[in-house]
Amino acid sequence: MNTYTTIPRHYFQLALILICTCFSSFQLSIAESKGESLYLENCAICHGNDGQGGMGIPLSLDGFLKSASNDYIKKTIRLGRPNRIMPSFYRMPESDVNEIIHFLDSWRKAPAPLWDIKPIVADKHAGKILYKNKCATCHGNNAQGGKGSGLHFSRSDGLAITPPALNNQGLLNSATDSMLHYIITHGRKDTPMPSAKALGLSDKNINDLVSYIRSFQLKSITHKSNYHEEPASLIVDSPYSFDETVENVKRAITGSNFVHIRDQALTHGFNIETTNSPKQTIIYFCNFSFLYDALKIDPRAGMFLPCRITVIEQNNRVQMMSINPKHLTQLFNNDALDESCDQMHDVYSSILEDASL
Ligand code: HEC
Ligand code: HEC
């Protein structure tokens with residue numbers, strides 16, 4: 001599929017392709033089933049081709065699979081983990097979600113568990129104290145999870161898995177109390193998550209901890225409603241020839257000192273890469289101060305940096321295209337990223353507009 005000429009059928013595909021350009025370790029595998037190919041397309045980039053983990057936590061380990069009911073996995077796929085890195089696939093067709101769950105089943109050594117939905121009623125204040133003593137060093141003082149959204153660009157193999165956020169509405173709306181009880185009791189073998197036994201916790205302690213974690217749950221969980229309004233790509237027709245358009249884009253980039261980044265200099269260094277098709281040129285550009293600022297807000301900003309604009313000629317029509325950062329940021333559902341994405345959106349829009357004048 002040509003990313004630059006069609007709006008992706010699968011809304012997440014574009015984001016993945018962009019992520020792929022940043023993580024060279026990603027390797028293509030041949031899928032043997034629909035579920036596997038959906039997994040490879042949507043999940044493998046973070047959870048690993050074989051579920052061994054990476055940016056996302058391991059999904060093929062027995063410790064995880066024994067704790068995860070299919071209902072839990074389904075809800076997790078739908079809700080994601082807002083403000084962490086796990087996206088919410090709430091527009092994925094039901095049949096695709098089921099295919100993925102079916103594929104994950106192939107890693108199971110035992111049938112998927114079914115969790116009792118009965119709430120555990122216990123002492124959340126006692127749980128809070130236990131939490132501070134036993135869990136906070138890994139999961140954060142306020143259960144906000146380990147630093148870095150699970151994402152480490154320079155993480156070497158074998159380094160500890162980033163502890164998930166336990167105050168997360170995605171987790172809390174997916175996991176039952178009985179599932180949380182099970183996880184705390186058994187820990188997650190082959191990961192840093194210790195068992196209750198290793199931490200010296202009684203069954204009452206475990207119940208109190210579950211109550212405390214549950215106390216973070218809000219009454220409702222909302223999705224951003226503006227999702228449909230943002231197209232995946234920004235596409236502008238050029239009234240000029242292909243070569244002229246390429247020159248115009250370059251001029252617009254150097255001339256775009258009106259953007260938010262203007263004081264930070266260093267907008268330079270064109271790197272023009274001509275693909276196999278002589279009529280498609282990708283123009284990369286970069287502003288190092290902006291890059292630095294955006295990465296400081298969240299390393300995920302790296303997924304749409306460095307900036308690039310594609311000029312393409314097809315059927316006697318010249319078009320300029322870029323990704324739409326406002327679309328991407330919605331996929332990640334992270335307020336912290338919105339501002340830098342808005343800035344990026346303005347940069348792209350003004351360059352495209354300027355180049356078409
Ligand atoms: C951009 C990276 C990314 C992608 C893509 C992604 N995940 Fe995740 N996922 C994560 C991270 C990170 C976590 C841990 C959440 C946290 O850190 O709070 C997670 C958590 C999960 C969990 C909960 C694990 C547990 O311990 O209970 C499941 C299940 C899961 N992901 C399944 C999937 C599936 C299935 C897909 C594809 C449809 C997918 N993820 C796509 C990053 C990702
Ligand atoms: C040494 C660090 C460490 C400590 C201490 C720790 N955890 Fe964890 N915890 C982790 C890691 C890492 C994971 C992810 C495991 C995986 O990859 O499956 C995890 C996973 C979890 C999960 C599953 C969350 C999800 O998104 O699926 C729960 C619930 C949890 N921990 C609760 C606790 C509680 C409660 C305590 C204190 C009694 C605790 N943990 C102590 C590191 C820790």
# chains A, B, ... in the order shown; residues from 1 in each chain; ligands from 1
>>> residues_near_ligand(ligand="ligand 2", cutoff="8 Å", atoms="only C-alpha atoms and all ligand atoms", output="JSON, numbers by chain")
{"A": [53, 57, 58, 59, 61, 63, 64, 130, 131, 133, 134, 135, 136, 137, 138, 139, 160, 161, 162, 163, 164, 165, 166, 171, 180, 181, 183, 184, 187, 188, 189, 191, 192, 193, 194, 195, 196, 199, 201, 206, 209, 210, 213]}
>>> residues_near_ligand(ligand="ligand 1", cutoff="8 Å", atoms="only C-alpha atoms and all ligand atoms", output="PDB file with C-alpha atoms, in the first residue's frame")
ATOM      1  CA  LEU A  16       2.710   2.143  12.712  1.00  0.00           C
ATOM      2  CA  LEU A  38      -3.544  -8.199  12.467  1.00  0.00           C
ATOM      3  CA  TYR A  39      -1.305  -8.683  15.487  1.00  0.00           C
ATOM      4  CA  GLU A  41       0.219  -4.966  11.916  1.00  0.00           C
ATOM      5  CA  ASN A  42      -1.156  -3.413  15.092  1.00  0.00           C
ATOM      6  CA  CYS A  43       0.604  -4.768  18.145  1.00  0.00           C
ATOM      7  CA  ALA A  44       3.992  -6.317  17.301  1.00  0.00           C
ATOM      8  CA  ILE A  45       5.795  -3.018  17.011  1.00  0.00           C
ATOM      9  CA  CYS A  46       5.417  -2.569  20.776  1.00  0.00           C
ATOM     10  CA  HIS A  47       4.768  -6.062  22.120  1.00  0.00           C
ATOM     11  CA  MET A  55       7.987  -0.872  24.391  1.00  0.00           C
ATOM     12  CA  GLY A  56       4.899  -2.769  25.497  1.00  0.00           C
ATOM     13  CA  ILE A  57       4.998  -5.473  28.139  1.00  0.00           C
ATOM     14  CA  PRO A  58       5.360  -9.154  27.186  1.00  0.00           C
ATOM     15  CA  LEU A  59       2.106 -10.822  26.126  1.00  0.00           C
ATOM     16  CA  PHE A  64       0.566 -12.761  31.916  1.00  0.00           C
ATOM     17  CA  SER A  67      -3.990 -13.729  34.554  1.00  0.00           C
ATOM     18  CA  ALA A  68      -5.586 -12.413  31.373  1.00  0.00           C
ATOM     19  CA  TYR A  72      -9.761  -8.421  29.758  1.00  0.00           C
ATOM     20  CA  ILE A  73      -7.715  -8.485  26.555  1.00  0.00           C
ATOM     21  CA  LYS A  74     -10.678  -7.328  24.510  1.00  0.00           C
ATOM     22  CA  THR A  76      -7.693  -3.507  26.897  1.00  0.00           C
ATOM     23  CA  ILE A  77      -7.556  -3.399  23.106  1.00  0.00           C
ATOM     24  CA  GLY A  80      -6.007   1.230  25.528  1.00  0.00           C
ATOM     25  CA  ARG A  81      -4.215   2.893  28.391  1.00  0.00           C
ATOM     26  CA  ARG A  84       0.389   5.846  28.543  1.00  0.00           C
ATOM     27  CA  ILE A  85       1.623   4.494  25.240  1.00  0.00           C
ATOM     28  CA  MET A  86      -0.889   1.694  24.686  1.00  0.00           C
ATOM     29  CA  PRO A  87      -3.306   3.092  22.066  1.00  0.00           C
ATOM     30  CA  PHE A  89      -8.257   0.594  19.179  1.00  0.00           C
ATOM     31  CA  VAL A  97     -10.382  -7.759  17.700  1.00  0.00           C
ATOM     32  CA  ILE A 100      -6.276 -11.000  17.508  1.00  0.00           C
ATOM     33  CA  ILE A 101      -7.592 -12.586  20.705  1.00  0.00           C
ATOM     34  CA  LEU A 104      -3.025 -14.702  21.383  1.00  0.00           C
ATOM     35  CA  GLN A 144       0.998   6.387  37.880  1.00  0.00           C
ATOM     36  CA  GLY A 145       3.337   3.706  36.592  1.00  0.00           C
ATOM     37  CA  GLY A 146       7.021   3.562  35.831  1.00  0.00           C
ATOM     38  CA  SER A 149       5.154   5.411  29.271  1.00  0.00           C
ATOM     39  CA  GLY A 150       6.800   2.076  28.738  1.00  0.00           C
ATOM     40  CA  LEU A 151       8.923   3.577  26.037  1.00  0.00           C
ATOM     41  CA  THR A 162       8.456  -0.616  32.677  1.00  0.00           C
ATOM     42  CA  PRO A 163       5.869  -1.151  35.451  1.00  0.00           C
ATOM     43  CA  PRO A 164       2.376  -0.308  34.126  1.00  0.00           C
ATOM     44  CA  ALA A 165       0.241   2.482  35.582  1.00  0.00           C
ATOM     45  CA  LEU A 166      -2.201   1.038  38.114  1.00  0.00           C
ATOM     46  CA  ASN A 168      -5.048   3.957  34.679  1.00  0.00           C
ATOM     47  CA  LEU A 171      -6.632  -0.974  33.288  1.00  0.00           C
ATOM     48  CA  PHE A 332      -2.140   8.134  21.500  1.00  0.00           C
TER      49      PHE A 332
END
>>> atom_distance(atom1="CA of Asn142 (chain A)", atom2="CA of Asp116 (chain A)")
26.8 Å
>>> closest_residue(among="A:Gly35, A:Pro239, A:Pro119, A:Gly54", to="Ser215 (chain A)", atoms="only C-alpha atoms")
A:Pro119
>>> atom_distance(atom1="CA of Leu357 (chain A)", atom2="CA of Arg317 (chain A)")
16.0 Å
>>> select_by_dssp(residues="region 22-242 of chain A", states="strand (DSSP E)", output="NGL selection string")
:A and (233-238)
